[in-house]
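Here is final-v8.tsv, consisting of TSV, C-alpha atoms and all ligand atoms:
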chain	number	residue	atom	x	y	z
A	1	MET	CA	-6.76	-29.99	3.66
A	2	ARG	CA	-6.92	-32.04	0.45
A	3	ILE	CA	-4.32	-32.20	-2.30
A	4	VAL	CA	-5.76	-33.17	-5.68
A	5	GLU	CA	-4.16	-33.55	-9.08
A	6	THR	CA	-7.14	-33.72	-11.43
A	7	ILE	CA	-9.56	-31.11	-12.75
A	8	GLU	CA	-12.41	-33.52	-12.09
A	9	GLU	CA	-11.61	-33.71	-8.38
A	10	VAL	CA	-11.43	-29.92	-8.11
A	11	ARG	CA	-14.78	-29.53	-9.87
A	12	ALA	CA	-16.44	-32.13	-7.60
A	13	GLN	CA	-15.15	-30.41	-4.46
A	14	ILE	CA	-16.18	-26.96	-5.67
A	15	ALA	CA	-19.66	-28.27	-6.58
A	16	GLU	CA	-20.05	-29.62	-3.06
A	17	TRP	CA	-19.02	-26.29	-1.51
A	18	ARG	CA	-21.32	-24.38	-3.83
A	19	LYS	CA	-24.22	-26.60	-2.77
A	20	GLU	CA	-23.46	-25.59	0.82
A	21	GLY	CA	-23.47	-21.94	-0.22
A	22	ARG	CA	-19.74	-21.40	0.46
A	23	THR	CA	-17.70	-18.57	-1.06
A	24	ILE	CA	-14.36	-19.49	-2.61
A	25	GLY	CA	-11.06	-17.60	-2.57
A	26	PHE	CA	-8.30	-18.67	-4.95
A	27	VAL	CA	-4.53	-18.15	-4.91
A	28	PRO	CA	-2.68	-19.32	-8.04
A	29	THR	CA	1.04	-20.02	-7.47
A	30	MET	CA	4.01	-21.84	-8.93
A	31	GLY	CA	4.87	-23.28	-5.53
A	32	TYR	CA	8.05	-23.11	-3.45
A	33	LEU	CA	5.89	-21.03	-1.19
A	34	HIS	CA	7.12	-18.25	1.07
A	35	GLU	CA	5.55	-15.51	3.20
A	36	GLY	CA	4.64	-13.53	0.08
A	37	HIS	CA	2.34	-16.35	-0.99
A	38	MET	CA	1.10	-16.76	2.59
A	39	SER	CA	-0.02	-13.12	2.67
A	40	LEU	CA	-2.29	-13.88	-0.31
A	41	ILE	CA	-3.58	-17.05	1.36
A	42	ASP	CA	-4.28	-15.12	4.57
A	43	ALA	CA	-6.15	-12.46	2.58
A	44	ALA	CA	-8.15	-15.22	0.85
A	45	GLY	CA	-9.23	-16.34	4.33
A	46	GLU	CA	-12.04	-13.78	4.06
A	47	ASN	CA	-13.82	-16.44	1.95
A	48	ASP	CA	-15.43	-19.61	3.36
A	49	ARG	CA	-13.00	-21.85	1.49
A	50	VAL	CA	-9.45	-21.26	0.18
A	51	VAL	CA	-8.04	-23.01	-2.88
A	52	VAL	CA	-4.34	-22.78	-3.82
A	53	SER	CA	-2.98	-24.02	-7.12
A	54	ILE	CA	0.65	-25.10	-7.41
A	55	PHE	CA	1.65	-25.41	-11.04
A	56	VAL	CA	4.93	-24.49	-12.71
A	57	ASN	CA	3.30	-23.50	-15.98
A	58	PRO	CA	5.54	-24.46	-18.92
A	59	MET	CA	3.62	-22.12	-21.24
A	60	GLN	CA	4.83	-18.97	-19.48
A	61	PHE	CA	8.54	-19.82	-19.72
A	62	GLY	CA	10.64	-18.85	-22.73
A	63	PRO	CA	13.01	-21.40	-24.32
A	64	ASN	CA	16.06	-20.06	-22.47
A	65	GLU	CA	14.37	-19.52	-19.13
A	66	ASP	CA	14.44	-21.48	-15.89
A	67	LEU	CA	11.53	-23.95	-16.33
A	68	ALA	CA	13.69	-27.02	-15.62
A	69	SER	CA	15.50	-25.52	-12.64
A	70	TYR	CA	12.51	-23.74	-11.06
A	71	PRO	CA	12.52	-24.81	-7.38
A	72	ARG	CA	9.85	-27.31	-6.28
A	73	ASP	CA	8.96	-28.77	-2.85
A	74	LEU	CA	5.38	-29.98	-2.51
A	75	GLU	CA	5.83	-31.34	1.00
A	76	HIS	CA	7.08	-28.02	2.33
A	77	ASP	CA	4.35	-26.14	0.41
A	78	ALA	CA	1.62	-28.42	1.75
A	79	GLY	CA	2.85	-27.86	5.31
A	80	MET	CA	2.70	-24.09	4.93
A	81	CYS	CA	-0.74	-24.24	3.31
A	82	GLU	CA	-2.09	-26.46	6.08
A	83	GLU	CA	-0.79	-24.02	8.72
A	84	HIS	CA	-2.55	-21.15	6.98
A	85	GLY	CA	-5.92	-22.90	6.74
A	86	VAL	CA	-5.96	-23.78	3.04
A	87	ASP	CA	-8.78	-26.20	2.19
A	88	LEU	CA	-7.68	-27.50	-1.18
A	89	ILE	CA	-4.41	-27.62	-3.12
A	90	PHE	CA	-4.72	-28.20	-6.86
A	91	TYR	CA	-1.43	-29.72	-8.03
A	92	PRO	CA	-1.88	-30.70	-11.66
A	93	THR	CA	0.67	-32.15	-14.05
A	94	PRO	CA	1.33	-30.33	-17.33
A	95	GLU	CA	-0.51	-33.24	-19.06
A	96	GLU	CA	-3.58	-32.65	-16.90
A	97	MET	CA	-3.58	-28.97	-17.86
A	98	TYR	CA	-2.65	-29.19	-21.53
A	99	GLY	CA	-3.24	-32.78	-22.66
A	100	ASP	CA	-1.41	-34.05	-25.74
A	101	THR	CA	-2.41	-31.17	-27.95
A	102	PHE	CA	-3.42	-27.63	-27.10
A	103	TYR	CA	-4.41	-24.88	-29.55
A	104	SER	CA	-6.15	-22.11	-27.61
A	105	TYR	CA	-4.63	-19.04	-26.01
A	106	VAL	CA	-5.71	-15.95	-24.13
A	107	ASP	CA	-3.58	-13.07	-25.32
A	108	MET	CA	-3.53	-9.33	-24.71
A	109	ASN	CA	-2.22	-6.21	-26.39
A	110	VAL	CA	-0.85	-2.96	-24.97
A	111	LEU	CA	-0.32	-3.95	-21.31
A	112	THR	CA	1.84	-6.90	-22.34
A	113	GLN	CA	3.99	-4.86	-24.75
A	114	GLU	CA	5.99	-3.12	-22.04
A	115	LEU	CA	8.26	-3.95	-19.08
A	116	CYS	CA	8.65	-7.74	-18.66
A	117	GLY	CA	6.69	-8.34	-21.88
A	118	LEU	CA	9.63	-6.98	-23.88
A	119	SER	CA	12.24	-9.24	-22.28
A	120	ARG	CA	9.86	-12.21	-21.99
A	121	PRO	CA	7.82	-12.21	-25.23
A	122	VAL	CA	5.70	-15.35	-24.61
A	123	HIS	CA	5.38	-14.92	-20.86
A	124	PHE	CA	2.08	-13.09	-20.48
A	125	ARG	CA	0.29	-15.16	-23.10
A	126	GLY	CA	1.20	-18.18	-20.98
A	127	VAL	CA	0.11	-16.44	-17.79
A	128	CYS	CA	-3.25	-15.28	-19.21
A	129	THR	CA	-3.98	-18.69	-20.70
A	130	VAL	CA	-3.21	-20.66	-17.54
A	131	VAL	CA	-4.96	-18.21	-15.23
A	132	ALA	CA	-8.06	-18.21	-17.46
A	133	LYS	CA	-8.02	-22.03	-17.37
A	134	LEU	CA	-7.58	-22.06	-13.58
A	135	PHE	CA	-10.44	-19.57	-13.17
A	136	ASN	CA	-12.64	-21.86	-15.29
A	137	ILE	CA	-11.66	-24.87	-13.20
A	138	VAL	CA	-11.88	-23.33	-9.72
A	139	THR	CA	-14.63	-20.73	-10.44
A	140	PRO	CA	-13.58	-18.55	-7.48
A	141	ASP	CA	-15.50	-15.55	-6.15
A	142	LYS	CA	-12.21	-13.77	-5.52
A	143	ALA	CA	-8.66	-14.37	-6.70
A	144	TYR	CA	-5.56	-12.95	-5.00
A	145	PHE	CA	-2.39	-11.74	-6.71
A	146	GLY	CA	0.73	-9.98	-5.39
A	147	GLN	CA	1.81	-6.49	-6.33
A	148	LYS	CA	5.31	-7.95	-6.47
A	149	ASP	CA	4.31	-8.91	-10.03
A	150	ALA	CA	2.57	-5.61	-10.67
A	151	GLN	CA	2.35	-5.98	-14.45
A	152	GLN	CA	0.85	-9.46	-14.06
A	153	LEU	CA	-1.73	-8.08	-11.61
A	154	ALA	CA	-2.69	-5.28	-14.03
A	155	ILE	CA	-2.95	-7.78	-16.90
A	156	ILE	CA	-5.13	-10.22	-14.93
A	157	LYS	CA	-7.42	-7.39	-13.83
A	158	ARG	CA	-7.72	-6.30	-17.45
A	159	MET	CA	-8.38	-9.85	-18.69
A	160	VAL	CA	-11.16	-10.32	-16.14
A	161	LYS	CA	-12.72	-6.99	-17.15
A	162	ASP	CA	-12.33	-7.44	-20.92
A	163	LEU	CA	-13.60	-11.03	-20.95
A	164	ASN	CA	-16.35	-10.52	-18.33
A	165	MET	CA	-15.02	-13.20	-16.03
A	166	PRO	CA	-17.34	-13.44	-13.00
A	167	LEU	CA	-14.88	-12.84	-10.17
A	168	THR	CA	-13.05	-10.09	-8.31
A	169	VAL	CA	-9.27	-9.77	-8.52
A	170	ILE	CA	-7.57	-8.54	-5.36
A	171	GLY	CA	-4.02	-7.14	-5.27
A	172	CYS	CA	-1.92	-7.64	-2.14
A	173	PRO	CA	1.20	-5.66	-1.06
A	174	ILE	CA	4.79	-6.81	-1.61
A	175	ILE	CA	6.21	-8.86	1.26
A	176	ARG	CA	9.93	-8.29	1.85
A	177	GLU	CA	12.77	-9.89	3.78
A	178	ALA	CA	13.86	-7.94	6.88
A	179	ASP	CA	16.63	-6.28	4.87
A	180	GLY	CA	14.28	-5.13	2.10
A	181	LEU	CA	14.68	-7.77	-0.64
A	182	ALA	CA	11.27	-8.67	-2.07
A	183	LYS	CA	10.53	-12.31	-1.28
A	184	SER	CA	10.68	-14.55	-4.34
A	185	SER	CA	11.05	-18.25	-5.04
A	186	ARG	CA	13.88	-17.25	-7.38
A	187	ASN	CA	15.93	-15.77	-4.50
A	188	THR	CA	17.08	-19.35	-3.85
A	189	TYR	CA	19.19	-19.11	-7.02
A	190	LEU	CA	21.40	-16.43	-5.43
A	191	SER	CA	24.84	-17.22	-4.00
A	192	PRO	CA	25.61	-15.52	-0.65
A	193	GLU	CA	27.51	-12.81	-2.51
A	194	GLU	CA	24.66	-12.30	-4.99
A	195	ARG	CA	22.12	-12.25	-2.17
A	196	LYS	CA	23.94	-9.21	-0.76
A	197	ALA	CA	24.15	-7.60	-4.20
A	198	ALA	CA	20.40	-8.19	-4.75
A	199	LEU	CA	19.67	-5.58	-2.08
A	200	VAL	CA	20.37	-3.02	-4.77
A	201	LEU	CA	16.84	-3.61	-6.13
A	202	SER	CA	14.99	-2.58	-2.99
A	203	ARG	CA	17.50	0.22	-2.33
A	204	SER	CA	16.77	1.62	-5.77
A	205	VAL	CA	13.00	1.21	-5.31
A	206	PHE	CA	13.05	2.91	-1.90
A	207	LEU	CA	15.14	5.75	-3.31
A	208	GLY	CA	12.73	6.33	-6.22
A	209	LYS	CA	9.72	6.13	-3.92
A	210	LYS	CA	11.22	8.70	-1.57
A	211	MET	CA	11.92	11.10	-4.46
A	212	VAL	CA	8.32	10.83	-5.69
A	213	GLU	CA	6.90	11.19	-2.19
A	214	GLU	CA	9.02	14.29	-1.70
A	215	GLY	CA	7.49	15.84	-4.80
A	216	GLU	CA	9.63	14.86	-7.82
A	217	ARG	CA	7.30	14.61	-10.83
A	218	ASP	CA	9.82	14.15	-13.65
A	219	ALA	CA	9.95	10.42	-14.42
A	220	LYS	CA	13.36	10.78	-16.15
A	221	LYS	CA	14.96	12.16	-13.00
A	222	VAL	CA	13.57	9.37	-10.85
A	223	ILE	CA	14.68	6.75	-13.37
A	224	SER	CA	18.23	8.08	-13.64
A	225	ALA	CA	18.66	8.26	-9.86
A	226	MET	CA	17.41	4.68	-9.57
A	227	LYS	CA	19.66	3.49	-12.40
A	228	GLU	CA	22.68	5.18	-10.83
A	229	GLU	CA	22.01	3.35	-7.59
A	230	ILE	CA	21.85	-0.01	-9.40
A	231	GLU	CA	24.92	0.68	-11.51
A	232	ARG	CA	27.00	1.08	-8.35
A	233	GLU	CA	26.63	-2.67	-7.79
A	234	PRO	CA	29.10	-4.59	-9.98
A	235	LEU	CA	27.08	-7.86	-9.95
A	236	ALA	CA	23.93	-6.09	-11.19
A	237	ARG	CA	22.88	-5.63	-14.82
A	238	ILE	CA	19.78	-3.55	-15.55
A	239	ASP	CA	17.06	-5.03	-17.76
A	240	TYR	CA	14.76	-2.02	-17.30
A	241	VAL	CA	13.84	0.82	-14.96
A	242	LYS	CA	10.57	2.42	-16.09
A	243	VAL	CA	7.71	4.59	-14.91
A	244	VAL	CA	4.35	3.59	-16.40
A	245	ASP	CA	0.66	4.30	-16.03
A	246	LEU	CA	-0.74	1.73	-13.56
A	247	ASP	CA	-3.70	0.71	-15.74
A	248	THR	CA	-2.18	0.69	-19.23
A	249	MET	CA	1.49	-0.08	-18.45
A	250	GLN	CA	2.48	2.64	-20.94
A	251	GLN	CA	5.47	4.85	-20.11
A	252	VAL	CA	4.77	8.32	-18.75
A	253	GLU	CA	7.01	11.37	-18.49
A	254	ARG	CA	5.15	13.11	-15.67
A	255	ILE	CA	4.31	11.39	-12.42
A	256	GLU	CA	0.58	12.04	-12.13
A	257	GLY	CA	-2.41	9.90	-11.19
A	258	ASP	CA	-1.68	6.24	-10.47
A	259	ILE	CA	1.77	5.20	-11.59
A	260	LEU	CA	3.97	2.14	-11.32
A	261	THR	CA	7.74	2.38	-11.18
A	262	ALA	CA	9.08	-1.06	-12.05
A	263	ILE	CA	12.56	-2.50	-12.35
A	264	ALA	CA	14.06	-5.76	-13.58
A	265	VAL	CA	17.70	-6.44	-12.79
A	266	PHE	CA	19.96	-9.42	-13.40
A	267	ILE	CA	22.07	-10.36	-10.39
A	268	GLY	CA	24.51	-12.73	-12.03
A	269	LYS	CA	22.22	-15.03	-14.04
A	270	THR	CA	19.15	-14.46	-11.87
A	271	ARG	CA	16.58	-11.94	-13.08
A	272	LEU	CA	14.77	-10.22	-10.22
A	273	ILE	CA	11.97	-7.64	-10.22
A	274	ASP	CA	10.74	-5.02	-7.80
A	275	ASN	CA	8.52	-1.95	-7.93
A	276	PHE	CA	6.56	0.71	-6.17
A	277	ILE	CA	3.13	2.14	-6.86
A	278	TYR	CA	2.32	5.79	-6.32
A	279	ASN	CA	-1.28	6.94	-6.12
A	280	GLU	CA	-1.65	10.68	-6.38
A	281	LYS	CA	-4.53	11.68	-4.17
B	301	LIG	P1	4.55	-17.22	-8.12
B	301	LIG	O1	4.50	-18.48	-7.33
B	301	LIG	O2	5.90	-16.56	-8.15
B	301	LIG	O3	3.91	-17.35	-9.47
B	301	LIG	O4	3.64	-16.19	-7.33
B	301	LIG	C1	2.31	-16.49	-7.02
B	301	LIG	C2	1.63	-15.26	-6.47
B	301	LIG	O5	2.32	-14.82	-5.29
B	301	LIG	C3	1.66	-14.08	-7.45
B	301	LIG	O6	0.41	-13.41	-7.40
B	301	LIG	C4	2.77	-13.22	-6.91
B	301	LIG	O7	2.63	-11.87	-7.23
B	301	LIG	C5	2.63	-13.45	-5.42
B	301	LIG	N1	3.88	-13.12	-4.75
B	301	LIG	C6	5.11	-13.64	-5.00
B	301	LIG	N2	6.04	-13.04	-4.23
B	301	LIG	C7	5.39	-12.12	-3.48
B	301	LIG	C8	5.81	-11.17	-2.50
B	301	LIG	N3	7.08	-11.05	-2.13
B	301	LIG	N4	4.86	-10.39	-1.95
B	301	LIG	C9	3.55	-10.49	-2.33
B	301	LIG	N5	3.11	-11.36	-3.24
B	301	LIG	C10	4.01	-12.17	-3.81
Just give me the structure of the file as structure tokens.
Ligand code: AMP
Amino acid sequence: MRIVETIEEVRAQIAEWRKEGRTIGFVPTMGYLHEGHMSLIDAAGENDRVVVSIFVNPMQFGPNEDLASYPRDLEHDAGMCEEHGVDLIFYPTPEEMYGDTFYSYVDMNVLTQELCGLSRPVHFRGVCTVVAKLFNIVTPDKAYFGQKDAQQLAIIKRMVKDLNMPLTVIGCPIIREADGLAKSSRNTYLSPEERKAALVLSRSVFLGKKMVEEGERDAKKVISAMKEEIEREPLARIDYVKVVDLDTMQQVERIEGDILTAIAVFIGKTRLIDNFIYNEK
């Protein structure tokens, strides 16, 4: 496994693999890797070569967000990647990605105007821009994203479709801790007391999922039951609990077709997300 910091080195390696006729799977991450990331890397193993990027992208953080404190540990990440058969880690600096000046953005309407887009106004512009750049650098056949960030996955799929990017985007299921909490690099921010309180997210998601699976079709009823569950936890503060169409991210009243029920909840100062997808057969 190689770790490279420059775009030039990535391009040279990819060119070599292309000459050999290899297919390339790509997993973009912000590092501090856990089993959620590893599930994407394992899925990417269906390609001949696996590339992982580790880049805490300043452009997707708002001014009062956790860019400076975001956890980082390259040595640990490299160890996990090596164990899971990664061939190349791209670990650029912000300067390598954005230079001294940078004026171009990939932006999107509609899908970004809901859920996390409302609480994090510059977030998805930063995500689309960096992912488009990474796709141009790595030129993967397939790229792997987690359903943990379901809105991000929908947005990336849409970007690839709208802009005719020549790759396939693959969504992978949410990986959870044994007690239900969705794995996240941000879970490290939680104190032991908050870690216990954070279970309210998965409890609420499992409750909503069960209601829908048992036939509830009124989004309002599902949302209020889920909110009630969260409100029972004194350390929790709801950002949103919403039911949206899976493709457009627009709120729906009836649960029909493919829907996403997504929540964002502050546990103390830490903002966590969780969700479930329901596909009506
Ligand atoms: P991040 O490093 O948080 O930007 O995440 C990188 C990728 O890993 C994204 O596609 C995430 O959706 C995915 N991911 C993060 N946590 C999980 C999880 N618990 N289960 C599945 N995928 C995840």
(message) Give me, as JSON, numbers by chain, all polymer residues having an atom no more than 12 Å from A:Pro92, counting all atoms listed in the file and skipping those fewer than 4 positions away in the same chain.
(response) {"A": [3, 4, 5, 6, 7, 8, 9, 10, 28, 29, 30, 31, 52, 53, 54, 55, 56, 57, 74, 96, 97, 98, 99, 130, 134, 137]}
Starting from 3 Å padding per side, set up an axis-aligned box that covers all listed atoms of ligand LIG 301 (chain B) and hand over centre and edge lengths in Å, one decimal, as JSON.
{"center_x": 3.7, "center_y": -14.4, "center_z": -5.7, "size_x": 12.7, "size_y": 14.1, "size_z": 13.5}
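Within the 10 Å cut-off around A:Ala68, using all atoms listed in the file and omitting residues fewer than 3 positions from it on the same chain, the listed residues are Val56, Pro58, Phe61, Glu65 and Pro71 of chain A.
Counting only C-alpha atoms and all ligand atoms, the residue from A:Leu67, A:Ile174, A:Ala15, A:Ala154 that sits nearest to ligand LIG 301 (chain B) is A:Ile174.
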(request) Name the residues, by chain letter and number, that sit within 9 Å of ligand LIG 301 (chain B) using all atoms listed in the file, and give them as a ChimeraX atom specification. (result) /A:27-40,54-57,144-150,152-153,171-177,181-186
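Going from atom CA of A:Arg195 to atom CA of A:Arg120 covers 23.3 Å.
With only C-alpha atoms as the atoms that count, the minimum distance from A:Lys210 to the choices A:Met59, A:Phe276, A:Ile267, A:Phe102 is reached by A:Phe276.
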(message) List as an NGL selection string the protein and nucleic acid residues near A:Ile14, meaning an atom at most 10 Å away when all atoms listed in the file are counted, but skip any in the same chain fewer than 5 places from it.
(response) :A and (8-9 or 19-20 or 22-24 or 49 or 51 or 88 or 137-140)
(message) Between atom CA of A:Met80 and atom CA of A:Arg2, what is the distance in Å, rounded to a tenth?
(response) 13.3 Å
